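Peer 1: Sharing upload04.cif (mmCIF, C-alpha atoms (C1' of nucleotides)) below.
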data_data
loop_
_atom_site.label_atom_id
_atom_site.label_comp_id
_atom_site.auth_asym_id
_atom_site.auth_seq_id
_atom_site.Cartn_x
_atom_site.Cartn_y
_atom_site.Cartn_z
CA MET A 1 12.63 63.82 61.12
CA ARG A 2 11.82 63.31 64.78
CA ASN A 3 10.68 60.08 66.40
CA LYS A 4 8.45 59.61 69.36
CA GLU A 5 10.80 59.16 72.30
CA GLY A 6 11.41 55.70 73.67
CA ASN A 7 10.45 54.00 70.44
CA LYS A 8 13.63 54.14 68.45
CA GLU A 9 13.70 50.55 67.27
CA ALA A 10 10.21 50.77 65.77
CA GLY A 11 10.91 54.24 64.41
CA ILE A 12 13.94 53.01 62.50
CA LEU A 13 11.89 50.21 60.97
CA GLU A 14 9.16 52.66 59.92
CA SER A 15 11.78 54.84 58.30
CA ALA A 16 13.29 51.84 56.56
CA ILE A 17 9.86 50.95 55.12
CA LYS A 18 9.46 54.47 53.75
CA VAL A 19 12.92 54.58 52.21
CA PHE A 20 12.77 51.03 50.82
CA ALA A 21 9.37 51.81 49.30
CA LYS A 22 10.62 54.96 47.65
CA HIS A 23 13.97 53.77 46.28
CA GLY A 24 13.92 50.00 46.47
CA TYR A 25 16.10 47.96 48.81
CA HIS A 26 19.33 48.14 46.84
CA ASN A 27 19.08 51.85 46.09
CA SER A 28 18.32 52.70 49.70
CA ARG A 29 21.14 54.05 51.81
CA ILE A 30 21.53 53.37 55.52
CA SER A 31 22.31 57.07 55.83
CA GLN A 32 18.90 57.91 54.32
CA ILE A 33 17.10 55.63 56.73
CA ALA A 34 19.01 57.11 59.64
CA SER A 35 18.27 60.67 58.68
CA GLU A 36 14.62 59.82 58.07
CA ALA A 37 14.59 58.43 61.61
CA GLY A 38 16.43 61.45 63.00
CA ILE A 39 19.51 59.59 64.21
CA ALA A 40 23.11 59.05 63.16
CA SER A 41 23.78 56.30 60.67
CA GLY A 42 25.88 54.32 63.12
CA SER A 43 22.93 54.15 65.51
CA VAL A 44 20.99 51.93 63.14
CA TYR A 45 23.46 49.20 64.10
CA LEU A 46 22.55 49.48 67.76
CA TYR A 47 19.13 48.04 66.96
CA TYR A 48 19.64 46.03 63.79
CA LYS A 49 22.48 43.73 62.81
CA ASN A 50 22.80 45.08 59.28
CA LYS A 51 20.84 46.33 56.30
CA GLU A 52 19.40 42.93 55.43
CA ASP A 53 18.21 42.50 59.00
CA LEU A 54 16.05 45.62 58.57
CA LEU A 55 14.32 44.07 55.58
CA ALA A 56 13.98 40.72 57.31
CA ARG A 57 12.31 42.26 60.36
CA ILE A 58 9.78 44.01 58.15
CA PHE A 59 8.77 40.70 56.58
CA GLN A 60 8.89 38.92 59.91
CA ASN A 61 6.24 41.29 61.23
CA VAL A 62 4.05 41.10 58.15
CA TRP A 63 4.03 37.33 57.76
CA GLU A 64 3.57 36.73 61.45
CA GLN A 65 0.48 38.93 61.42
CA LEU A 66 -0.87 37.40 58.21
CA TYR A 67 -0.39 33.91 59.60
CA LYS A 68 -2.10 34.71 62.88
CA GLU A 69 -5.07 36.29 61.14
CA ILE A 70 -5.57 33.52 58.60
CA SER A 71 -5.45 30.99 61.41
CA LEU A 72 -8.29 32.76 63.18
CA ILE A 73 -10.31 32.87 59.97
CA GLN A 74 -9.77 29.21 59.27
CA LYS A 75 -11.01 28.20 62.71
CA ARG A 76 -14.37 29.93 62.32
CA HIS A 77 -17.03 27.28 61.83
CA ASP A 78 -19.76 29.84 61.14
CA LEU A 79 -18.19 30.76 57.80
CA SER A 80 -18.30 28.94 54.47
CA ALA A 81 -15.15 28.54 52.37
CA ILE A 82 -16.04 31.41 50.10
CA ASP A 83 -16.77 33.62 53.11
CA LYS A 84 -13.35 32.80 54.47
CA ILE A 85 -11.70 33.66 51.17
CA GLU A 86 -13.56 36.97 51.09
CA TYR A 87 -12.45 37.69 54.65
CA LEU A 88 -8.90 36.92 53.56
CA ILE A 89 -9.11 39.37 50.68
CA ASP A 90 -10.39 42.04 53.06
CA LEU A 91 -7.68 41.20 55.55
CA ILE A 92 -4.90 41.76 53.06
CA PHE A 93 -6.36 44.95 51.71
CA ASP A 94 -6.93 46.20 55.25
CA ILE A 95 -3.37 45.58 56.40
CA PHE A 96 -1.73 47.24 53.45
CA SER A 97 -4.20 50.05 52.81
CA ALA A 98 -3.31 51.29 56.28
CA ASN A 99 0.32 51.53 55.16
CA PRO A 100 0.95 52.06 51.43
CA PRO A 101 4.77 52.10 51.68
CA LEU A 102 4.58 48.74 53.42
CA ALA A 103 2.50 47.45 50.51
CA ILE A 104 5.19 48.47 48.05
CA VAL A 105 7.94 46.86 50.10
CA PHE A 106 5.85 43.72 50.61
CA VAL A 107 5.26 43.32 46.89
CA ASN A 108 8.75 44.07 45.63
CA GLU A 109 11.44 43.27 48.13
CA GLN A 110 10.88 39.80 49.57
CA ILE A 111 12.97 38.42 46.74
CA HIS A 112 16.14 39.67 48.43
CA LEU A 113 15.64 37.40 51.42
CA LYS A 114 16.58 33.75 51.25
CA LYS A 115 14.61 30.94 52.87
CA GLU A 116 17.69 29.38 54.41
CA THR A 117 18.57 32.37 56.55
CA ASN A 118 15.19 33.77 57.57
CA THR A 119 12.85 32.28 60.12
CA PHE A 120 9.79 34.23 58.94
CA PHE A 121 9.44 31.85 56.00
CA HIS A 122 7.93 29.51 58.55
CA PHE A 123 4.95 31.87 58.82
CA TYR A 124 4.96 32.38 55.06
CA ASP A 125 4.71 28.64 54.42
CA GLU A 126 2.06 28.17 57.08
CA PHE A 127 0.04 31.05 55.68
CA PHE A 128 -0.13 29.48 52.25
CA SER A 129 -0.73 26.04 53.59
CA THR A 130 -3.66 27.32 55.66
CA GLY A 131 -4.99 29.06 52.57
CA GLU A 132 -4.85 25.78 50.69
CA LYS A 133 -6.72 24.03 53.47
CA ILE A 134 -9.53 26.57 53.30
CA ILE A 135 -9.88 26.05 49.55
CA GLU A 136 -9.71 22.28 49.82
CA ALA A 137 -12.40 22.29 52.48
CA GLY A 138 -14.58 24.32 50.13
CA ILE A 139 -14.14 21.76 47.38
CA LYS A 140 -14.90 18.91 49.74
CA GLU A 141 -18.02 20.55 51.11
CA GLY A 142 -19.16 21.08 47.51
CA SER A 143 -19.30 24.86 47.37
CA LEU A 144 -16.18 25.34 45.19
CA ASN A 145 -15.55 24.00 41.71
CA SER A 146 -13.78 20.66 41.98
CA ASN A 147 -11.89 21.17 38.70
CA LEU A 148 -9.90 23.91 40.38
CA ASN A 149 -6.21 23.31 40.99
CA VAL A 150 -5.69 24.57 44.51
CA THR A 151 -2.05 25.57 44.05
CA VAL A 152 -2.76 27.49 40.87
CA PHE A 153 -5.66 29.36 42.41
CA LYS A 154 -3.66 30.19 45.52
CA PHE A 155 -0.81 31.75 43.53
CA PHE A 156 -3.13 33.43 41.05
CA LEU A 157 -5.15 35.17 43.74
CA MET A 158 -2.07 36.22 45.70
CA GLY A 159 -0.25 37.44 42.60
CA GLY A 160 -3.26 39.36 41.35
CA MET A 161 -3.75 41.07 44.70
CA LYS A 162 -0.09 41.92 45.03
CA TYR A 163 -0.01 43.58 41.64
CA LEU A 164 -3.17 45.52 42.40
CA LEU A 165 -1.81 46.63 45.75
CA GLU A 166 1.42 47.80 44.18
CA ASN A 167 -0.38 49.85 41.55
CA TRP A 168 -2.81 51.20 44.08
CA ALA A 169 -0.01 52.17 46.48
CA LYS A 170 1.91 53.92 43.71
CA ASP A 171 -1.04 55.86 42.43
CA SER A 172 -4.16 55.52 44.53
CA LYS A 173 -6.05 57.86 42.20
CA ASN A 174 -6.41 55.04 39.66
CA PHE A 175 -8.95 53.18 41.76
CA GLN A 176 -10.57 53.20 45.14
CA LEU A 177 -9.88 50.38 47.52
CA THR A 178 -13.55 49.48 47.68
CA THR A 179 -13.64 49.08 43.88
CA LEU A 180 -10.61 46.89 44.21
CA ARG A 181 -12.09 44.58 46.85
CA GLN A 182 -15.44 44.29 45.10
CA ASN A 183 -13.91 43.48 41.74
CA VAL A 184 -11.47 40.90 43.04
CA LYS A 185 -14.33 39.13 44.80
CA LEU A 186 -16.50 39.40 41.71
CA ILE A 187 -13.84 37.95 39.43
CA ILE A 188 -12.91 35.00 41.57
CA LYS A 189 -16.48 34.14 42.46
CA ARG A 190 -18.26 34.46 39.15
CA GLY A 191 -15.63 35.22 36.51
CA ILE A 192 -15.87 37.90 33.90
CA LEU A 193 -18.43 36.34 31.55
CA LYS A 194 -21.85 37.85 31.53
CA MET B 1 30.77 28.81 28.28
CA ARG B 2 31.04 29.07 24.51
CA ASN B 3 28.82 31.08 22.21
CA LYS B 4 27.79 30.37 18.72
CA GLU B 5 30.21 32.37 16.56
CA GLY B 6 29.01 35.60 14.98
CA ASN B 7 26.30 36.11 17.56
CA LYS B 8 28.12 37.72 20.41
CA GLU B 9 25.67 40.51 21.11
CA ALA B 10 22.75 38.11 21.48
CA GLY B 11 24.91 35.65 23.38
CA ILE B 12 25.78 38.26 25.97
CA LEU B 13 22.11 39.10 26.44
CA GLU B 14 21.23 35.43 26.88
CA SER B 15 23.95 35.11 29.49
CA ALA B 16 22.70 38.23 31.23
CA ILE B 17 19.20 36.73 31.40
CA LYS B 18 20.56 33.57 32.99
CA VAL B 19 22.67 35.41 35.54
CA PHE B 20 19.98 38.00 36.38
CA ALA B 21 17.47 35.18 36.82
CA LYS B 22 19.74 33.28 39.16
CA HIS B 23 21.05 36.10 41.36
CA GLY B 24 18.81 39.08 40.69
CA TYR B 25 19.95 42.25 38.95
CA HIS B 26 21.81 43.83 41.84
CA ASN B 27 23.58 40.68 42.92
CA SER B 28 24.70 39.90 39.38
CA ARG B 29 28.27 40.74 38.43
CA ILE B 30 29.34 41.89 34.99
CA SER B 31 32.22 39.45 35.38
CA GLN B 32 29.72 36.58 35.85
CA ILE B 33 27.81 37.54 32.74
CA ALA B 34 31.04 37.80 30.76
CA SER B 35 32.33 34.43 31.87
CA GLU B 36 28.92 32.84 31.21
CA ALA B 37 29.21 34.28 27.69
CA GLY B 38 32.81 33.11 27.33
CA ILE B 39 34.33 36.56 26.93
CA ALA B 40 36.33 39.06 28.97
CA SER B 41 34.39 41.41 31.18
CA GLY B 42 35.53 44.48 29.27
CA SER B 43 34.03 43.06 26.08
CA VAL B 44 30.53 43.43 27.44
CA TYR B 45 31.01 47.16 26.96
CA LEU B 46 31.70 46.74 23.26
CA TYR B 47 28.05 45.76 22.80
CA TYR B 48 26.21 47.35 25.71
CA LYS B 49 26.61 50.78 27.21
CA ASN B 50 26.52 49.56 30.80
CA LYS B 51 24.86 47.12 33.17
CA GLU B 52 21.50 48.86 33.12
CA ASP B 53 21.53 48.83 29.33
CA LEU B 54 21.66 45.02 29.45
CA LEU B 55 18.51 44.92 31.53
CA ALA B 56 16.80 47.56 29.40
CA ARG B 57 17.49 45.63 26.20
CA ILE B 58 15.96 42.50 27.69
CA PHE B 59 12.75 44.35 28.46
CA GLN B 60 12.83 46.20 25.15
CA ASN B 61 12.74 42.83 23.35
CA VAL B 62 10.02 41.35 25.53
CA TRP B 63 7.63 44.28 25.46
CA GLU B 64 8.11 44.89 21.75
CA GLN B 65 7.16 41.28 21.08
CA LEU B 66 4.22 41.36 23.47
CA TYR B 67 2.93 44.54 21.93
CA LYS B 68 3.21 43.24 18.37
CA GLU B 69 1.42 40.03 19.24
CA ILE B 70 -1.42 41.64 21.16
CA SER B 71 -1.94 44.04 18.26
CA LEU B 72 -2.39 41.11 15.90
CA ILE B 73 -4.82 39.48 18.29
CA GLN B 74 -6.87 42.63 18.69
CA LYS B 75 -7.26 43.05 14.93
CA ARG B 76 -8.83 39.63 14.44
CA HIS B 77 -12.52 40.07 13.76
CA ASP B 78 -13.20 36.35 13.82
CA LEU B 79 -12.58 36.19 17.57
CA SER B 80 -14.82 37.22 20.45
CA ALA B 81 -13.43 39.20 23.36
CA ILE B 82 -13.11 36.15 25.57
CA ASP B 83 -11.34 34.28 22.75
CA LYS B 84 -8.87 37.13 22.49
CA ILE B 85 -8.24 37.08 26.21
CA GLU B 86 -7.63 33.35 26.06
CA TYR B 87 -5.22 33.83 23.18
CA LEU B 88 -3.46 36.44 25.24
CA ILE B 89 -3.08 34.06 28.16
CA ASP B 90 -1.64 31.45 25.82
CA LEU B 91 0.66 34.00 24.24
CA ILE B 92 2.22 34.97 27.55
CA PHE B 93 2.62 31.40 28.72
CA ASP B 94 4.12 30.45 25.35
CA ILE B 95 6.73 33.21 25.35
CA PHE B 96 7.95 32.53 28.84
CA SER B 97 7.61 28.79 28.97
CA ALA B 98 10.16 28.70 26.17
CA ASN B 99 12.57 30.56 28.42
CA PRO B 100 12.14 30.14 32.18
CA PRO B 101 15.05 32.41 33.16
CA LEU B 102 13.46 35.14 31.07
CA ALA B 103 10.22 34.63 32.98
CA ILE B 104 12.01 35.17 36.28
CA VAL B 105 13.72 38.33 35.04
CA PHE B 106 10.47 39.59 33.53
CA VAL B 107 8.61 39.19 36.78
CA ASN B 108 11.20 40.56 39.15
CA GLU B 109 13.51 43.07 37.57
CA GLN B 110 11.49 45.62 35.63
CA ILE B 111 11.29 47.69 38.77
CA HIS B 112 14.92 48.77 38.34
CA LEU B 113 14.17 50.58 35.09
CA LYS B 114 12.61 54.03 35.11
CA LYS B 115 10.00 55.23 32.63
CA GLU B 116 11.82 58.49 31.97
CA THR B 117 14.94 56.85 30.58
CA ASN B 118 13.62 53.79 28.73
CA THR B 119 11.84 53.83 25.40
CA PHE B 120 10.38 50.34 25.79
CA PHE B 121 7.77 51.71 28.17
CA HIS B 122 6.05 52.93 25.03
CA PHE B 123 5.38 49.28 24.11
CA TYR B 124 4.48 48.51 27.70
CA ASP B 125 1.86 51.26 27.80
CA GLU B 126 0.49 50.31 24.40
CA PHE B 127 0.26 46.66 25.41
CA PHE B 128 -1.89 47.45 28.42
CA SER B 129 -3.95 49.97 26.55
CA THR B 130 -4.67 47.40 23.83
CA GLY B 131 -5.61 44.90 26.52
CA GLU B 132 -8.06 47.38 27.96
CA LYS B 133 -9.59 47.95 24.54
CA ILE B 134 -10.20 44.23 24.11
CA ILE B 135 -11.96 44.03 27.45
CA GLU B 136 -14.01 47.16 26.81
CA ALA B 137 -15.13 45.82 23.45
CA GLY B 138 -16.27 42.64 25.20
CA ILE B 139 -18.35 44.64 27.64
CA LYS B 140 -19.85 46.71 24.85
CA GLU B 141 -20.73 43.67 22.75
CA GLY B 142 -22.39 42.20 25.82
CA SER B 143 -20.28 39.09 26.36
CA LEU B 144 -18.42 40.34 29.44
CA ASN B 145 -19.88 41.41 32.76
CA SER B 146 -20.49 45.15 32.70
CA ASN B 147 -19.88 45.51 36.44
CA LEU B 148 -16.23 44.71 35.83
CA ASN B 149 -13.71 47.49 36.39
CA VAL B 150 -11.43 47.17 33.39
CA THR B 151 -8.31 48.51 35.10
CA VAL B 152 -8.72 46.23 38.08
CA PHE B 153 -9.21 43.17 35.91
CA LYS B 154 -6.23 44.05 33.74
CA PHE B 155 -3.89 44.30 36.71
CA PHE B 156 -5.38 41.32 38.49
CA LEU B 157 -4.94 39.03 35.49
CA MET B 158 -1.42 40.25 34.76
CA GLY B 159 -0.35 40.02 38.39
CA GLY B 160 -1.80 36.56 38.80
CA MET B 161 -0.06 35.28 35.70
CA LYS B 162 3.24 36.86 36.68
CA TYR B 163 3.19 35.21 40.07
CA LEU B 164 2.28 31.86 38.55
CA LEU B 165 5.03 32.17 35.98
CA GLU B 166 7.58 33.00 38.62
CA ASN B 167 6.67 30.03 40.74
CA TRP B 168 6.51 27.76 37.73
CA ALA B 169 9.92 28.94 36.51
CA LYS B 170 11.47 28.41 39.92
CA ASP B 171 10.05 24.97 40.41
CA SER B 172 8.27 23.57 37.38
CA LYS B 173 7.52 20.36 39.23
CA ASN B 174 4.72 22.08 41.17
CA PHE B 175 2.44 22.25 38.16
CA GLN B 176 2.36 21.62 34.45
CA LEU B 177 1.95 24.55 32.13
CA THR B 178 -1.24 23.08 30.69
CA THR B 179 -2.77 22.92 34.18
CA LEU B 180 -1.77 26.50 34.61
CA ARG B 181 -3.37 27.73 31.40
CA GLN B 182 -6.56 25.77 31.92
CA ASN B 183 -7.02 26.96 35.47
CA VAL B 184 -6.35 30.60 34.76
CA LYS B 185 -8.94 30.50 31.97
CA LEU B 186 -11.37 28.63 34.20
CA ILE B 187 -11.02 31.12 37.03
CA ILE B 188 -11.40 34.26 34.99
CA LYS B 189 -14.27 32.91 32.91
CA ARG B 190 -16.44 31.21 35.48
CA GLY B 191 -14.91 31.90 38.87
CA ILE B 192 -14.35 29.30 41.56
CA LEU B 193 -17.90 28.76 42.75
CA LYS B 194 -19.48 25.50 41.81
"C1'" DA C 1 29.37 67.86 92.01
"C1'" DT C 2 31.73 63.86 90.77
"C1'" DT C 3 32.15 59.52 88.91
"C1'" DA C 4 30.42 55.49 86.44
"C1'" DT C 5 27.71 53.69 82.92
"C1'" DT C 6 25.06 53.74 78.85
"C1'" DT C 7 23.86 55.60 74.53
"C1'" DT C 8 24.88 58.00 70.43
"C1'" DT C 9 27.73 59.87 67.11
"C1'" DG C 10 29.83 60.28 62.37
"C1'" DA C 11 34.40 60.28 60.31
"C1'" DA C 12 37.23 56.84 58.57
"C1'" DC C 13 37.88 52.27 56.91
"C1'" DC C 14 37.75 48.95 53.50
"C1'" DA C 15 35.69 45.64 50.45
"C1'" DT C 16 33.24 45.65 46.39
"C1'" DC C 17 32.35 45.99 41.69
"C1'" DG C 18 31.21 48.89 37.35
"C1'" DT C 19 33.84 50.88 34.02
"C1'" DT C 20 37.97 52.35 31.37
"C1'" DC C 21 41.79 51.99 28.26
"C1'" DA C 22 46.65 50.78 27.06
"C1'" DT C 23 48.02 46.66 25.19
"C1'" DT C 24 47.47 42.37 22.72
"C1'" DT C 25 45.39 39.39 19.44
"C1'" DA C 26 42.74 38.38 15.37
"C1'" DT C 27 41.22 39.54 10.83
"C1'" DG C 28 41.58 41.28 6.22
"C1'" DA C 29 43.63 43.72 2.43
"C1'" DT C 30 47.48 44.24 -0.66
"C1'" DA D 1 54.80 38.29 4.27
"C1'" DT D 2 53.59 42.96 5.58
"C1'" DC D 3 50.80 46.32 7.07
"C1'" DA D 4 46.29 48.36 8.54
"C1'" DT D 5 42.28 47.95 10.93
"C1'" DA D 6 39.09 45.97 14.05
"C1'" DA D 7 38.04 43.23 18.04
"C1'" DA D 8 39.07 41.57 22.48
"C1'" DT D 9 41.49 41.55 26.74
"C1'" DG D 10 41.87 42.09 31.84
"C1'" DA D 11 44.59 44.74 35.15
"C1'" DA D 12 43.95 48.94 37.32
"C1'" DC D 13 41.12 52.86 38.56
"C1'" DG D 14 37.81 55.20 41.20
"C1'" DA D 15 33.36 55.80 43.24
"C1'" DT D 16 30.33 54.06 46.31
"C1'" DG D 17 28.30 52.90 50.60
"C1'" DG D 18 27.89 49.28 54.43
"C1'" DT D 19 30.03 48.86 58.68
"C1'" DT D 20 33.14 49.86 62.60
"C1'" DC D 21 34.74 52.03 66.71
"C1'" DA D 22 37.20 55.71 69.29
"C1'" DA D 23 35.44 59.67 71.09
"C1'" DA D 24 31.63 62.51 72.78
"C1'" DA D 25 27.22 63.22 74.88
"C1'" DA D 26 23.61 61.87 77.81
"C1'" DT D 27 22.02 59.61 81.79
"C1'" DA D 28 22.25 57.49 86.29
"C1'" DA D 29 24.39 56.56 90.72
"C1'" DT D 30 26.74 58.07 94.78
#
Output the structure of this file as structure tokens.
Peer 2:
Amino acid sequence: MRNKEGNKEAGILESAIKVFAKHGYHNSRISQIASEAGIASGSVYLYYKNKEDLLARIFQNVWEQLYKEISLIQKRHDLSAIDKIEYLIDLIFDIFSANPPLAIVFVNEQIHLKKETNTFFHFYDEFFSTGEKIIEAGIKEGSLNSNLNVTVFKFFLMGGMKYLLENWAKDSKNFQLTTLRQNVKLIIKRGILK
Amino acid sequence: MRNKEGNKEAGILESAIKVFAKHGYHNSRISQIASEAGIASGSVYLYYKNKEDLLARIFQNVWEQLYKEISLIQKRHDLSAIDKIEYLIDLIFDIFSANPPLAIVFVNEQIHLKKETNTFFHFYDEFFSTGEKIIEAGIKEGSLNSNLNVTVFKFFLMGGMKYLLENWAKDSKNFQLTTLRQNVKLIIKRGILK
DNA sequence: ATTATTTTTGAACCATCGTTCATTTATGAT
DNA sequence: ATCATAAATGAACGATGGTTCAAAAATAAT
């Protein structure tokens, strides 16, 4: 497969996302990524230190973007807490619906990267900590249920969305993205009881 | 490490769960599992066909149990739909809280097993299909919100619980299991709005 | 056109395990 | 005690695939 000229580094990363999504990190071969990118396998090492570095750079990009976006949302004083949470849900679905293979990699492969050796966990931690602040502010201002454990809700929402994204990315016929957004918002806002 | 005598097959599987939980499937060595079980590495192959068979047998056991339990819950005519869902939440937390390494393996490693080659996916499919039936019955009987997309809710709840379990198993100091159960039930029943 | 420099190549290297199996050890029957 | 059978061992095999690097190709400079 051919790349746009002058964009080899990004092209390799795109190819890596596709191959990682299809086979999983450990069953992906550098030679597959290289041929997907239209280069020789040795050339991957001109742009990336090793296989793990490819995965790390994917997550670096994702978490940096997620952190930047959530920071902007948090700062907006015209939005209530629940508005901010809904914006956050849209944000995540927007990022990954534009790139289904990235969604699959995002959901399944972060486990192979350790906190000690990867700087992007800084963004990861800040993302979650900002999310917590938004929820806490909502409790303080009285719009969110004060019985809610912030940590539990944070993980529950993230985990639920990840699982939905994965299943959507693998077989988008099962449900439309709009159904997905609407229902997640419905569930977290009002629950499932009639 | 020593096993109870006369229980080698189960002992090996327990050791595999521990090692898979700690290092992940692909970074786990048969030699590690063997030494954890107190046997020679070749002896693993007296009880299990190969490395993948170890993982498959773990999931076989889990999904068979989950399917049997959800079937019992579904049959109970003394429970409403929401009661059944709450029982289900308790069931999952009970199974995995008794075995944190199993929770970690359950959440992270199923991806390495393919539907085509593993019979336990029968239980997996039946489990989810039974879950859907419980939710659908709740909608029909009028106790659950009829705007709810059953598939979306099913995945959202499962994904949320998986992510919570993983984080709890990795660092149980973050939250107590009772907090976890209560909050999951709270969120899905009533949502987070005050 | 010639030379210097940079980029790319891909065959070969080599470390890493999963798996096998000839041998040893344990168990049980007579 | 002796023999037969079963269970367990762990060194060695072999396949795999990430990574390297000498050589080739492309590009730039003179």
Peer 1: Given the file shown, enumerate the residues that the PyMOL selection byres ((chain C) within 7 of (chain A)) captures and present them as a PyMOL selection string.
Peer 2: chain C and resi 8-10
Peer 1: May I ask you to extract the residues of chain B within 9 Å of chain A, using all atoms listed in the file, and to give them as a ChimeraX atom specification?
Peer 2: /B:24,26,82,108,111-112,139,142-149,151-153,155-164,167,174-175,179-180,183-184,186-194
Peer 1: With the file shown as input, list the residues that the PyMOL selection byres ((chain A) within 8 of (chain D)) selects, as a list in words.
Peer 2: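 That expression, the PyMOL selection byres ((chain A) within 8 of (chain D)), corresponds here to Arg29, Ile30 and Lys51 of chain A.
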Peer 1: Please compute the CA of Ala137 (chain B)-CA of Ile89 (chain B) distance, one decimal, in Å.
Peer 2: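 Interatomic distance, CA of Ala137 (chain B) to CA of Ile89 (chain B): 17.5 Å.
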Peer 1: What is the CA of Asp171 (chain B)-CA of Ala81 (chain A) distance in Å, reported with one decimal?
Peer 2: 28.1 Å
